[in-house]
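Text of upload_0.pdb (PDB, C-alpha atoms and all ligand atoms) as supplied:
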```pdb
ATOM      1  CA  MET E  25      -0.518 -23.268  46.646  1.00  0.00           C
ATOM      2  CA  MET E  26      -2.430 -26.408  47.627  1.00  0.00           C
ATOM      3  CA  SER E  27      -0.537 -29.062  49.589  1.00  0.00           C
ATOM      4  CA  THR E  28      -0.434 -32.563  48.081  1.00  0.00           C
ATOM      5  CA  SER E  29      -2.983 -33.837  50.584  1.00  0.00           C
ATOM      6  CA  SER E  30      -5.442 -31.175  49.423  1.00  0.00           C
ATOM      7  CA  LYS E  31      -5.297 -32.937  46.054  1.00  0.00           C
ATOM      8  CA  GLU E  32      -6.748 -35.986  47.810  1.00  0.00           C
ATOM      9  CA  ASN E  33      -9.671 -34.203  49.431  1.00  0.00           C
ATOM     10  CA  THR E  34     -12.697 -34.241  47.136  1.00  0.00           C
ATOM     11  CA  GLU E  35     -14.417 -31.212  48.706  1.00  0.00           C
ATOM     12  CA  GLU E  36     -11.223 -29.176  48.516  1.00  0.00           C
ATOM     13  CA  ILE E  37     -10.665 -30.162  44.896  1.00  0.00           C
ATOM     14  CA  PHE E  38     -14.203 -29.050  44.058  1.00  0.00           C
ATOM     15  CA  ARG E  39     -13.643 -25.710  45.839  1.00  0.00           C
ATOM     16  CA  ASP E  40     -10.354 -25.274  43.962  1.00  0.00           C
ATOM     17  CA  ILE E  41     -12.026 -25.986  40.608  1.00  0.00           C
ATOM     18  CA  LYS E  42     -14.666 -23.320  41.341  1.00  0.00           C
ATOM     19  CA  ARG E  43     -11.999 -20.835  42.446  1.00  0.00           C
ATOM     20  CA  ASN E  44      -9.999 -21.317  39.261  1.00  0.00           C
ATOM     21  CA  LEU E  45     -13.006 -21.103  36.935  1.00  0.00           C
ATOM     22  CA  THR E  46     -13.982 -17.847  38.674  1.00  0.00           C
ATOM     23  CA  ARG E  47     -10.440 -16.523  38.219  1.00  0.00           C
ATOM     24  CA  GLY E  48     -10.490 -17.655  34.605  1.00  0.00           C
ATOM     25  CA  VAL E  49     -13.392 -15.310  33.893  1.00  0.00           C
ATOM     26  CA  LYS E  50     -11.820 -12.273  35.561  1.00  0.00           C
ATOM     27  CA  ASP E  51      -8.116 -12.735  34.839  1.00  0.00           C
ATOM     28  CA  ARG E  52      -7.320 -12.532  31.143  1.00  0.00           C
ATOM     29  CA  LYS E  53      -3.858 -13.988  31.806  1.00  0.00           C
ATOM     30  CA  HIS E  54      -5.190 -17.095  33.568  1.00  0.00           C
ATOM     31  CA  ASN E  55      -5.038 -20.138  31.297  1.00  0.00           C
ATOM     32  CA  PHE E  56      -8.634 -20.966  32.151  1.00  0.00           C
ATOM     33  CA  HIS E  57      -9.684 -17.735  30.371  1.00  0.00           C
ATOM     34  CA  THR E  58      -9.469 -19.444  26.975  1.00  0.00           C
ATOM     35  CA  PRO E  59     -10.703 -23.049  27.053  1.00  0.00           C
ATOM     36  CA  VAL E  60     -11.254 -25.249  24.016  1.00  0.00           C
ATOM     37  CA  PHE E  61     -14.962 -25.830  23.366  1.00  0.00           C
ATOM     38  CA  SER E  62     -16.141 -28.855  21.340  1.00  0.00           C
ATOM     39  CA  ASN E  63     -19.439 -30.019  19.920  1.00  0.00           C
ATOM     40  CA  LEU E  64     -20.757 -32.178  17.097  1.00  0.00           C
ATOM     41  CA  ASN E  65     -21.746 -30.838  13.703  1.00  0.00           C
ATOM     42  CA  GLY E  66     -24.628 -32.083  11.550  1.00  0.00           C
ATOM     43  CA  ASP E  67     -22.424 -34.784   9.981  1.00  0.00           C
ATOM     44  CA  GLY E  68     -21.490 -36.179  13.409  1.00  0.00           C
ATOM     45  CA  GLU E  69     -17.959 -34.751  13.144  1.00  0.00           C
ATOM     46  CA  ILE E  70     -16.265 -33.101  16.132  1.00  0.00           C
ATOM     47  CA  ASP E  71     -15.572 -29.370  15.962  1.00  0.00           C
ATOM     48  CA  SER E  72     -13.301 -27.685  18.501  1.00  0.00           C
ATOM     49  CA  ARG E  73     -12.211 -24.094  18.931  1.00  0.00           C
ATOM     50  CA  VAL E  74     -10.915 -21.672  21.548  1.00  0.00           C
ATOM     51  CA  VAL E  75     -13.496 -19.423  23.212  1.00  0.00           C
ATOM     52  CA  VAL E  76     -13.290 -16.773  25.934  1.00  0.00           C
ATOM     53  CA  LEU E  77     -14.798 -17.766  29.275  1.00  0.00           C
ATOM     54  CA  ARG E  78     -17.246 -14.939  30.046  1.00  0.00           C
ATOM     55  CA  ASN E  79     -19.022 -16.130  33.160  1.00  0.00           C
ATOM     56  CA  PHE E  80     -19.052 -18.930  35.702  1.00  0.00           C
ATOM     57  CA  ASP E  81     -21.980 -19.442  38.066  1.00  0.00           C
ATOM     58  CA  PRO E  82     -20.726 -21.627  40.945  1.00  0.00           C
ATOM     59  CA  LEU E  83     -24.223 -22.238  42.323  1.00  0.00           C
ATOM     60  CA  LYS E  84     -25.910 -23.262  39.080  1.00  0.00           C
ATOM     61  CA  MET E  85     -22.618 -24.661  37.711  1.00  0.00           C
ATOM     62  CA  ILE E  86     -22.961 -22.883  34.376  1.00  0.00           C
ATOM     63  CA  LEU E  87     -20.117 -21.708  32.087  1.00  0.00           C
ATOM     64  CA  ASN E  88     -20.784 -18.952  29.550  1.00  0.00           C
ATOM     65  CA  PHE E  89     -19.154 -17.765  26.368  1.00  0.00           C
ATOM     66  CA  HIS E  90     -20.367 -15.416  23.650  1.00  0.00           C
ATOM     67  CA  THR E  91     -20.755 -16.107  19.961  1.00  0.00           C
ATOM     68  CA  ASP E  92     -22.476 -15.064  16.749  1.00  0.00           C
ATOM     69  CA  PHE E  93     -25.919 -16.621  16.253  1.00  0.00           C
ATOM     70  CA  ARG E  94     -25.060 -17.214  12.587  1.00  0.00           C
ATOM     71  CA  SER E  95     -21.883 -19.236  13.349  1.00  0.00           C
ATOM     72  CA  PRO E  96     -21.748 -22.959  12.541  1.00  0.00           C
ATOM     73  CA  LYS E  97     -21.358 -23.887  16.226  1.00  0.00           C
ATOM     74  CA  ALA E  98     -24.522 -21.978  17.182  1.00  0.00           C
ATOM     75  CA  ILE E  99     -26.488 -23.674  14.398  1.00  0.00           C
ATOM     76  CA  ASP E 100     -25.121 -27.100  15.341  1.00  0.00           C
ATOM     77  CA  LEU E 101     -25.805 -26.636  19.072  1.00  0.00           C
ATOM     78  CA  LYS E 102     -29.481 -26.055  18.259  1.00  0.00           C
ATOM     79  CA  HIS E 103     -29.593 -29.581  16.861  1.00  0.00           C
ATOM     80  CA  ASN E 104     -27.290 -31.259  19.381  1.00  0.00           C
ATOM     81  CA  ASN E 105     -26.669 -29.501  22.697  1.00  0.00           C
ATOM     82  CA  ASN E 106     -24.032 -31.954  24.002  1.00  0.00           C
ATOM     83  CA  SER E 107     -20.787 -30.069  24.423  1.00  0.00           C
ATOM     84  CA  LEU E 108     -17.416 -30.162  26.152  1.00  0.00           C
ATOM     85  CA  PHE E 109     -14.783 -27.749  27.434  1.00  0.00           C
ATOM     86  CA  VAL E 110     -11.105 -28.559  27.930  1.00  0.00           C
ATOM     87  CA  PHE E 111      -9.062 -26.359  30.288  1.00  0.00           C
ATOM     88  CA  TYR E 112      -5.363 -26.737  31.055  1.00  0.00           C
ATOM     89  CA  ASP E 113      -3.059 -24.719  33.249  1.00  0.00           C
ATOM     90  CA  HIS E 114       0.590 -25.747  33.207  1.00  0.00           C
ATOM     91  CA  LYS E 115       1.421 -23.894  36.443  1.00  0.00           C
ATOM     92  CA  LEU E 116      -1.432 -25.529  38.343  1.00  0.00           C
ATOM     93  CA  LYS E 117      -0.693 -28.792  36.467  1.00  0.00           C
ATOM     94  CA  ILE E 118      -4.445 -29.267  36.194  1.00  0.00           C
ATOM     95  CA  GLN E 119      -6.583 -30.367  33.251  1.00  0.00           C
ATOM     96  CA  LEU E 120     -10.383 -30.105  33.381  1.00  0.00           C
ATOM     97  CA  ARG E 121     -12.586 -31.873  30.856  1.00  0.00           C
ATOM     98  CA  VAL E 122     -16.050 -30.506  31.431  1.00  0.00           C
ATOM     99  CA  LYS E 123     -19.099 -32.148  29.848  1.00  0.00           C
ATOM    100  CA  THR E 124     -21.936 -29.679  29.380  1.00  0.00           C
ATOM    101  CA  THR E 125     -25.398 -29.130  27.911  1.00  0.00           C
ATOM    102  CA  SER E 126     -25.591 -25.890  25.930  1.00  0.00           C
ATOM    103  CA  ILE E 127     -28.414 -23.357  25.871  1.00  0.00           C
ATOM    104  CA  LEU E 128     -28.420 -20.510  23.306  1.00  0.00           C
ATOM    105  CA  ASN E 129     -29.606 -17.094  24.464  1.00  0.00           C
ATOM    106  CA  ASN E 130     -30.349 -14.783  21.533  1.00  0.00           C
ATOM    107  CA  GLN E 131     -32.476 -11.620  21.669  1.00  0.00           C
ATOM    108  CA  ASN E 132     -33.674 -12.430  25.203  1.00  0.00           C
ATOM    109  CA  GLY E 133     -33.126 -10.985  28.676  1.00  0.00           C
ATOM    110  CA  ILE E 134     -29.835 -12.811  29.280  1.00  0.00           C
ATOM    111  CA  ALA E 135     -28.449 -11.626  25.926  1.00  0.00           C
ATOM    112  CA  GLU E 136     -29.587  -8.040  26.688  1.00  0.00           C
ATOM    113  CA  GLU E 137     -27.926  -8.027  30.087  1.00  0.00           C
ATOM    114  CA  MET E 138     -24.564  -9.156  28.689  1.00  0.00           C
ATOM    115  CA  TRP E 139     -24.814  -6.970  25.567  1.00  0.00           C
ATOM    116  CA  GLU E 140     -25.114  -3.906  27.819  1.00  0.00           C
ATOM    117  CA  LYS E 141     -21.734  -4.823  29.338  1.00  0.00           C
ATOM    118  CA  THR E 142     -20.082  -5.438  25.949  1.00  0.00           C
ATOM    119  CA  ARG E 143     -17.727  -2.669  24.833  1.00  0.00           C
ATOM    120  CA  LEU E 144     -18.059  -1.030  21.418  1.00  0.00           C
ATOM    121  CA  PHE E 145     -14.825  -2.611  20.243  1.00  0.00           C
ATOM    122  CA  SER E 146     -16.118  -6.113  21.080  1.00  0.00           C
ATOM    123  CA  ARG E 147     -19.554  -5.385  19.627  1.00  0.00           C
ATOM    124  CA  LYS E 148     -17.829  -4.871  16.284  1.00  0.00           C
ATOM    125  CA  CYS E 149     -17.388  -8.653  15.901  1.00  0.00           C
ATOM    126  CA  TYR E 150     -21.151  -8.992  15.563  1.00  0.00           C
ATOM    127  CA  LEU E 151     -21.410  -6.441  12.728  1.00  0.00           C
ATOM    128  CA  THR E 152     -20.042  -8.544   9.862  1.00  0.00           C
ATOM    129  CA  THR E 153     -22.270  -8.473   6.791  1.00  0.00           C
ATOM    130  CA  LYS E 154     -21.054 -11.859   5.646  1.00  0.00           C
ATOM    131  CA  ILE E 155     -21.854 -14.859   7.830  1.00  0.00           C
ATOM    132  CA  PRO E 156     -19.055 -16.025  10.166  1.00  0.00           C
ATOM    133  CA  SER E 157     -17.135 -19.030   8.792  1.00  0.00           C
ATOM    134  CA  SER E 158     -18.508 -18.427   5.257  1.00  0.00           C
ATOM    135  CA  ILE E 159     -16.163 -18.589   2.259  1.00  0.00           C
ATOM    136  CA  THR E 160     -15.020 -15.297   0.764  1.00  0.00           C
ATOM    137  CA  ALA E 161     -12.969 -14.417  -2.329  1.00  0.00           C
ATOM    138  CA  LEU E 162     -10.621 -12.074  -0.434  1.00  0.00           C
ATOM    139  CA  PRO E 163      -8.694 -12.176   2.841  1.00  0.00           C
ATOM    140  CA  GLU E 164     -10.960  -9.965   4.958  1.00  0.00           C
ATOM    141  CA  ASP E 165     -12.771  -9.862   8.290  1.00  0.00           C
ATOM    142  CA  GLY E 166     -16.229  -9.208   6.865  1.00  0.00           C
ATOM    143  CA  ILE E 167     -16.599  -5.850   8.658  1.00  0.00           C
ATOM    144  CA  PRO E 168     -18.334  -3.189   6.477  1.00  0.00           C
ATOM    145  CA  ASN E 169     -15.835  -0.805   4.773  1.00  0.00           C
ATOM    146  CA  HIS E 170     -16.855   2.291   6.713  1.00  0.00           C
ATOM    147  CA  LEU E 171     -15.964   0.541  10.003  1.00  0.00           C
ATOM    148  CA  VAL E 172     -12.545  -0.780   9.034  1.00  0.00           C
ATOM    149  CA  GLY E 173      -9.931   0.396  11.534  1.00  0.00           C
ATOM    150  CA  LYS E 174     -12.369   2.142  13.858  1.00  0.00           C
ATOM    151  CA  GLU E 175     -14.935   1.568  16.557  1.00  0.00           C
ATOM    152  CA  PRO E 176     -18.619   1.698  15.659  1.00  0.00           C
ATOM    153  CA  ASN E 177     -20.645   4.385  17.431  1.00  0.00           C
ATOM    154  CA  LEU E 178     -23.270   3.241  19.924  1.00  0.00           C
ATOM    155  CA  GLU E 179     -26.132   3.414  17.437  1.00  0.00           C
ATOM    156  CA  GLU E 180     -24.235   1.480  14.784  1.00  0.00           C
ATOM    157  CA  SER E 181     -23.101  -1.111  17.348  1.00  0.00           C
ATOM    158  CA  GLU E 182     -26.727  -1.922  18.182  1.00  0.00           C
ATOM    159  CA  LYS E 183     -27.099  -3.608  14.779  1.00  0.00           C
ATOM    160  CA  GLY E 184     -24.945  -6.393  16.183  1.00  0.00           C
ATOM    161  CA  PHE E 185     -27.382  -7.268  18.958  1.00  0.00           C
ATOM    162  CA  LYS E 186     -29.452  -9.605  16.800  1.00  0.00           C
ATOM    163  CA  ASN E 187     -26.326 -11.727  16.184  1.00  0.00           C
ATOM    164  CA  PHE E 188     -25.008 -11.579  19.747  1.00  0.00           C
ATOM    165  CA  THR E 189     -25.543 -14.864  21.575  1.00  0.00           C
ATOM    166  CA  VAL E 190     -24.778 -15.903  25.127  1.00  0.00           C
ATOM    167  CA  VAL E 191     -24.116 -19.643  25.213  1.00  0.00           C
ATOM    168  CA  GLU E 192     -24.845 -21.033  28.674  1.00  0.00           C
ATOM    169  CA  ASN E 193     -23.359 -24.442  29.342  1.00  0.00           C
ATOM    170  CA  LYS E 194     -24.744 -26.462  32.236  1.00  0.00           C
ATOM    171  CA  ILE E 195     -22.036 -28.650  33.746  1.00  0.00           C
ATOM    172  CA  ASN E 196     -22.929 -32.361  33.928  1.00  0.00           C
ATOM    173  CA  GLU E 197     -19.513 -33.841  34.658  1.00  0.00           C
ATOM    174  CA  ILE E 198     -15.959 -32.714  35.381  1.00  0.00           C
ATOM    175  CA  ASP E 199     -12.945 -34.932  34.819  1.00  0.00           C
ATOM    176  CA  TRP E 200     -10.184 -33.375  36.960  1.00  0.00           C
ATOM    177  CA  LEU E 201      -6.591 -34.481  36.335  1.00  0.00           C
ATOM    178  CA  TYR E 202      -3.641 -33.359  38.442  1.00  0.00           C
ATOM    179  CA  LEU E 203      -0.234 -34.202  37.023  1.00  0.00           C
ATOM    180  CA  GLU E 204       2.485 -34.633  39.621  1.00  0.00           C
ATOM    181  CA  ILE E 205       5.714 -36.614  39.285  1.00  0.00           C
ATOM    182  CA  SER E 206       5.239 -38.125  42.747  1.00  0.00           C
ATOM    183  CA  GLY E 207       1.826 -39.495  41.694  1.00  0.00           C
ATOM    184  CA  HIS E 208      -0.901 -38.282  39.353  1.00  0.00           C
ATOM    185  CA  ARG E 209      -4.444 -37.950  40.701  1.00  0.00           C
ATOM    186  CA  ARG E 210      -7.729 -38.049  38.833  1.00  0.00           C
ATOM    187  CA  LEU E 211     -11.246 -37.376  40.080  1.00  0.00           C
ATOM    188  CA  LYS E 212     -14.575 -37.493  38.305  1.00  0.00           C
ATOM    189  CA  LEU E 213     -17.270 -35.149  39.599  1.00  0.00           C
ATOM    190  CA  ILE E 214     -20.803 -35.966  38.475  1.00  0.00           C
ATOM    191  CA  PHE E 215     -23.483 -33.311  38.965  1.00  0.00           C
ATOM    192  CA  LYS E 216     -27.034 -34.429  39.439  1.00  0.00           C
ATOM    193  CA  GLU E 217     -28.255 -32.201  42.248  1.00  0.00           C
ATOM    194  CA  GLN E 218     -26.285 -29.338  43.794  1.00  0.00           C
ATOM    195  CA  LYS E 219     -23.672 -31.593  45.415  1.00  0.00           C
ATOM    196  CA  PRO E 220     -21.408 -33.565  43.108  1.00  0.00           C
ATOM    197  CA  GLU E 221     -20.864 -37.293  43.272  1.00  0.00           C
ATOM    198  CA  TYR E 222     -17.142 -38.092  43.444  1.00  0.00           C
ATOM    199  CA  HIS E 223     -15.275 -41.008  41.867  1.00  0.00           C
ATOM    200  CA  TRP E 224     -11.505 -41.439  42.026  1.00  0.00           C
ATOM    201  CA  ILE E 225     -10.156 -42.852  38.807  1.00  0.00           C
ATOM    202  CA  ILE E 226      -6.819 -44.118  37.582  1.00  0.00           C
ATOM    203  CA  PRO E 227      -5.030 -41.284  35.759  1.00  0.00           C
TER
HETATM  204  C1  LIG E 301      -8.078 -16.476  21.898  1.00  0.00           C
HETATM  205  C2  LIG E 301      -9.329 -16.741  21.098  1.00  0.00           C
HETATM  206  C3  LIG E 301     -10.557 -16.465  21.663  1.00  0.00           C
HETATM  207  C4  LIG E 301     -11.736 -16.708  20.940  1.00  0.00           C
HETATM  208  N1  LIG E 301     -12.942 -16.462  21.533  1.00  0.00           N
HETATM  209  C5  LIG E 301     -14.083 -16.743  20.875  1.00  0.00           C
HETATM  210  C6  LIG E 301     -15.349 -16.596  21.527  1.00  0.00           C
HETATM  211  O1  LIG E 301     -15.440 -16.222  22.703  1.00  0.00           O
HETATM  212  N2  LIG E 301     -16.466 -16.870  20.802  1.00  0.00           N
HETATM  213  C7  LIG E 301     -16.394 -17.303  19.516  1.00  0.00           C
HETATM  214  O2  LIG E 301     -17.445 -17.539  18.929  1.00  0.00           O
HETATM  215  N3  LIG E 301     -15.227 -17.475  18.879  1.00  0.00           N
HETATM  216  C8  LIG E 301     -14.059 -17.211  19.538  1.00  0.00           C
HETATM  217  N4  LIG E 301     -12.853 -17.390  18.911  1.00  0.00           N
HETATM  218  C9  LIG E 301     -12.834 -17.852  17.488  1.00  0.00           C
HETATM  219  C10 LIG E 301     -13.110 -19.348  17.457  1.00  0.00           C
HETATM  220  O3  LIG E 301     -11.982 -20.051  17.947  1.00  0.00           O
HETATM  221  C11 LIG E 301     -13.492 -19.851  16.058  1.00  0.00           C
HETATM  222  O4  LIG E 301     -12.409 -19.657  15.183  1.00  0.00           O
HETATM  223  C12 LIG E 301     -14.720 -19.151  15.479  1.00  0.00           C
HETATM  224  O5  LIG E 301     -15.671 -18.895  16.484  1.00  0.00           O
HETATM  225  C13 LIG E 301     -15.387 -19.981  14.370  1.00  0.00           C
HETATM  226  O6  LIG E 301     -15.805 -21.211  14.907  1.00  0.00           O
HETATM  227  P1  LIG E 301     -16.957 -22.109  14.226  1.00  0.00           P
HETATM  228  O7  LIG E 301     -16.728 -22.065  12.735  1.00  0.00           O
HETATM  229  O8  LIG E 301     -16.766 -23.459  14.791  1.00  0.00           O
HETATM  230  O9  LIG E 301     -18.285 -21.515  14.630  1.00  0.00           O
HETATM  231  C14 LIG E 301     -11.667 -17.193  19.617  1.00  0.00           C
HETATM  232  C15 LIG E 301     -10.420 -17.490  19.076  1.00  0.00           C
HETATM  233  C16 LIG E 301      -9.270 -17.266  19.798  1.00  0.00           C
HETATM  234  C17 LIG E 301      -7.939 -17.601  19.168  1.00  0.00           C
END
```

Take the structure from the file and write it as structure tokens.
Amino acid sequence: MMSTSSKENTEEIFRDIKRNLTRGVKDRKHNFHTPVFSNLNGDGEIDSRVVVLRNFDPLKMILNFHTDFRSPKAIDLKHNNNSLFVFYDHKLKIQLRVKTTSILNNQNGIAEEMWEKTRLFSRKCYLTTKIPSSITALPEDGIPNHLVGKEPNLEESEKGFKNFTVVENKINEIDWLYLEISGHRRLKLIFKEQKPEYHWIIP
């Protein structure tokens, strides 16, 4: 547990943010494991959805999640790579609003490296014949009939690789908010070089 004064020390707050994002990747029960990710679609409308945090690089300040290359968000990010994550943990009483620039990795070295670590069960998501988010006449998950209710074998799973996409999101800004009855605190961290620029703001 951080003491209250540690919530007034910019360097300590930054270290704590990095610690919790790292935990969010590894600990499936940590609230930071499933942030909300937002971007703009082609009509300039906001789209938000929950994603699984797959990696955090504390040196490069990059957050990763995985998606299908055919999904609307992947298509939209190619046209507009401005994006945003929202994290909230009620035990920590901390909200992070993280402004990012997204980079799609499909059928490249980064995608290969992560695909190797993806279990057969998870690879199944990338084997739908119909495009993700497309309209269908029946309630179904789009998985081919012969795979319903079972894991694909390794060879079959490889068909999903072309759809598998690692979305890297370079952090530009973090808006940190700590809610505490005795006094809320809010800090903006702006990343230009390695070291962030800090600005206290009114919560
Ligand atoms: C707990 C949870 C985790 C999810 N993780 C992911 C994910 O890591 N990647 C992903 O593309 N969709 C994930 N989804 C599904 C998305 O929220 C979304 O419904 C789907 O990707 C379609 O979004 P789109 O139409 O905006 O592309 C997850 C949903 C839930 C509820």

If you take every atom of region 53-61 of chain E that the file lists and fit an axis-aligned box around them with 3 Å extra on each side, what centre and edge lengths come out in Å to one decimal, as JSON?
```
{"center_x": -9.4, "center_y": -19.9, "center_z": 28.5, "size_x": 17.1, "size_y": 17.8, "size_z": 16.2}
```

Practice task
Run the PyMOL selection byres (((chain E and resi 134-142) around 12) and not hetatm) against the file shown and list the residues it catches, as a ChimeraX atom specification.
Solution key: /E:78-79,88-93,127-133,143-150,178,181-192

Store the residues of this selection in a file with C-alpha atoms, as an mmCIF file, keeping the file's coordinate frame.
```
data_model
loop_
_atom_site.group_PDB
_atom_site.id
_atom_site.type_symbol
_atom_site.label_atom_id
_atom_site.label_comp_id
_atom_site.auth_asym_id
_atom_site.auth_seq_id
_atom_site.Cartn_x
_atom_site.Cartn_y
_atom_site.Cartn_z
ATOM 1 C CA ARG E 78 -17.246 -14.939 30.046
ATOM 2 C CA ASN E 79 -19.022 -16.130 33.160
ATOM 3 C CA ASN E 88 -20.784 -18.952 29.550
ATOM 4 C CA PHE E 89 -19.154 -17.765 26.368
ATOM 5 C CA HIS E 90 -20.367 -15.416 23.650
ATOM 6 C CA THR E 91 -20.755 -16.107 19.961
ATOM 7 C CA ASP E 92 -22.476 -15.064 16.749
ATOM 8 C CA PHE E 93 -25.919 -16.621 16.253
ATOM 9 C CA ILE E 127 -28.414 -23.357 25.871
ATOM 10 C CA LEU E 128 -28.420 -20.510 23.306
ATOM 11 C CA ASN E 129 -29.606 -17.094 24.464
ATOM 12 C CA ASN E 130 -30.349 -14.783 21.533
ATOM 13 C CA GLN E 131 -32.476 -11.620 21.669
ATOM 14 C CA ASN E 132 -33.674 -12.430 25.203
ATOM 15 C CA GLY E 133 -33.126 -10.985 28.676
ATOM 16 C CA ARG E 143 -17.727 -2.669 24.833
ATOM 17 C CA LEU E 144 -18.059 -1.030 21.418
ATOM 18 C CA PHE E 145 -14.825 -2.611 20.243
ATOM 19 C CA SER E 146 -16.118 -6.113 21.080
ATOM 20 C CA ARG E 147 -19.554 -5.385 19.627
ATOM 21 C CA LYS E 148 -17.829 -4.871 16.284
ATOM 22 C CA CYS E 149 -17.388 -8.653 15.901
ATOM 23 C CA TYR E 150 -21.151 -8.992 15.563
ATOM 24 C CA LEU E 178 -23.270 3.241 19.924
ATOM 25 C CA SER E 181 -23.101 -1.111 17.348
ATOM 26 C CA GLU E 182 -26.727 -1.922 18.182
ATOM 27 C CA LYS E 183 -27.099 -3.608 14.779
ATOM 28 C CA GLY E 184 -24.945 -6.393 16.183
ATOM 29 C CA PHE E 185 -27.382 -7.268 18.958
ATOM 30 C CA LYS E 186 -29.452 -9.605 16.800
ATOM 31 C CA ASN E 187 -26.326 -11.727 16.184
ATOM 32 C CA PHE E 188 -25.008 -11.579 19.747
ATOM 33 C CA THR E 189 -25.543 -14.864 21.575
ATOM 34 C CA VAL E 190 -24.778 -15.903 25.127
ATOM 35 C CA VAL E 191 -24.116 -19.643 25.213
ATOM 36 C CA GLU E 192 -24.845 -21.033 28.674
#
```

Exercise for the section: Please provide the set of residues having any atom within 12 Å of Lys102 (chain E), restricted to all atoms listed in the file, with same-chain residues fewer than 2 positions apart removed, written as a PyMOL selection string. Expected result: chain E and resi 63-66+93-100+104-107+125-130+191

Problem - Computed interatomic separation between atom C5 of ligand LIG 301 (chain E) and CA of Phe56 (chain E) (Å) - result: 13.2 Å

Exercise for the section: Choose the residue, out of E:Arg39, E:Ile198, E:Thr153, E:Pro82, that has the smallest atom-to-atom separation from Val110 (chain E); count all atoms listed in the file. Expected result: E:Ile198

Practice task
Point out the residue among E:Lys31, E:Asp71, E:Glu36, E:Gln119 with the least atom-to-atom distance to Pro59 (chain E), counting all atoms listed in the file.
Solution key: E:Gln119

Exercise for the section: Between atom O6 of ligand LIG 301 (chain E) and CA of Leu201 (chain E), measure the distance and give it in Å to one decimal. Expected result: 26.8 Å

Handout entry: Residue neighbourhood Val122 (chain E), 10 Å, all atoms listed in the file, exclusion window fewer than 5 positions, as a ChimeraX atom specification
Key = /E:61,87,107-111,193-200,212-213

Exercise for the section: Go through E:Arg209, E:Asp165, E:Asp67, E:Gly173 one by one, measure the shortest atom-to-atom distance of each to Ser29 (chain E) using only C-alpha atoms, and give the residue with the smallest value. Expected result: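 Ranked by minimum distance to Ser29 (chain E), first place goes to E:Arg209.
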
Practice task
Rank E:Phe80, E:Leu45, E:Ile155, E:Phe38 by their smallest atom-to-atom distance to ligand LIG 301 (chain E), using all atoms listed in the file, and report the top residue only.
Solution key: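 Between E:Phe80, E:Leu45, E:Ile155, E:Phe38, the residue approaching ligand LIG 301 (chain E) most closely is E:Ile155.
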
Rebuild N, CA and C atoms on region 62-75 of chain E, as a PDB file, keeping the file's coordinate frame?
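Result saved to rebuild.pdb:
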```
ATOM      1  N   SER E  62     -15.851 -27.888  22.415  1.00  0.00           N
ATOM      2  CA  SER E  62     -16.141 -28.855  21.340  1.00  0.00           C
ATOM      3  C   SER E  62     -17.616 -29.216  21.298  1.00  0.00           C
ATOM      4  N   ASN E  63     -18.071 -29.493  20.101  1.00  0.00           N
ATOM      5  CA  ASN E  63     -19.439 -30.019  19.920  1.00  0.00           C
ATOM      6  C   ASN E  63     -19.477 -30.819  18.616  1.00  0.00           C
ATOM      7  N   LEU E  64     -20.624 -31.373  18.313  1.00  0.00           N
ATOM      8  CA  LEU E  64     -20.757 -32.178  17.097  1.00  0.00           C
ATOM      9  C   LEU E  64     -21.504 -31.389  16.031  1.00  0.00           C
ATOM     10  N   ASN E  65     -21.016 -31.501  14.788  1.00  0.00           N
ATOM     11  CA  ASN E  65     -21.746 -30.838  13.703  1.00  0.00           C
ATOM     12  C   ASN E  65     -22.798 -31.797  13.125  1.00  0.00           C
ATOM     13  N   GLY E  66     -23.517 -31.330  12.126  1.00  0.00           N
ATOM     14  CA  GLY E  66     -24.628 -32.083  11.550  1.00  0.00           C
ATOM     15  C   GLY E  66     -24.214 -33.406  10.919  1.00  0.00           C
ATOM     16  N   ASP E  67     -22.916 -33.533  10.570  1.00  0.00           N
ATOM     17  CA  ASP E  67     -22.424 -34.784   9.981  1.00  0.00           C
ATOM     18  C   ASP E  67     -21.851 -35.721  11.046  1.00  0.00           C
ATOM     19  N   GLY E  68     -22.011 -35.346  12.323  1.00  0.00           N
ATOM     20  CA  GLY E  68     -21.490 -36.179  13.409  1.00  0.00           C
ATOM     21  C   GLY E  68     -19.985 -36.042  13.587  1.00  0.00           C
ATOM     22  N   GLU E  69     -19.401 -35.001  12.979  1.00  0.00           N
ATOM     23  CA  GLU E  69     -17.959 -34.751  13.144  1.00  0.00           C
ATOM     24  C   GLU E  69     -17.747 -33.815  14.333  1.00  0.00           C
ATOM     25  N   ILE E  70     -16.589 -33.969  14.988  1.00  0.00           N
ATOM     26  CA  ILE E  70     -16.265 -33.101  16.132  1.00  0.00           C
ATOM     27  C   ILE E  70     -15.706 -31.779  15.617  1.00  0.00           C
ATOM     28  N   ASP E  71     -16.161 -30.684  16.220  1.00  0.00           N
ATOM     29  CA  ASP E  71     -15.572 -29.370  15.962  1.00  0.00           C
ATOM     30  C   ASP E  71     -15.085 -28.809  17.288  1.00  0.00           C
ATOM     31  N   SER E  72     -13.864 -28.293  17.292  1.00  0.00           N
ATOM     32  CA  SER E  72     -13.301 -27.685  18.501  1.00  0.00           C
ATOM     33  C   SER E  72     -12.733 -26.325  18.160  1.00  0.00           C
ATOM     34  N   ARG E  73     -12.810 -25.415  19.130  1.00  0.00           N
ATOM     35  CA  ARG E  73     -12.211 -24.094  18.931  1.00  0.00           C
ATOM     36  C   ARG E  73     -12.025 -23.436  20.292  1.00  0.00           C
ATOM     37  N   VAL E  74     -11.142 -22.435  20.313  1.00  0.00           N
ATOM     38  CA  VAL E  74     -10.915 -21.672  21.548  1.00  0.00           C
ATOM     39  C   VAL E  74     -12.026 -20.644  21.693  1.00  0.00           C
ATOM     40  N   VAL E  75     -12.531 -20.505  22.906  1.00  0.00           N
ATOM     41  CA  VAL E  75     -13.496 -19.423  23.212  1.00  0.00           C
ATOM     42  C   VAL E  75     -13.028 -18.698  24.481  1.00  0.00           C
TER      43      VAL E  75
END
```
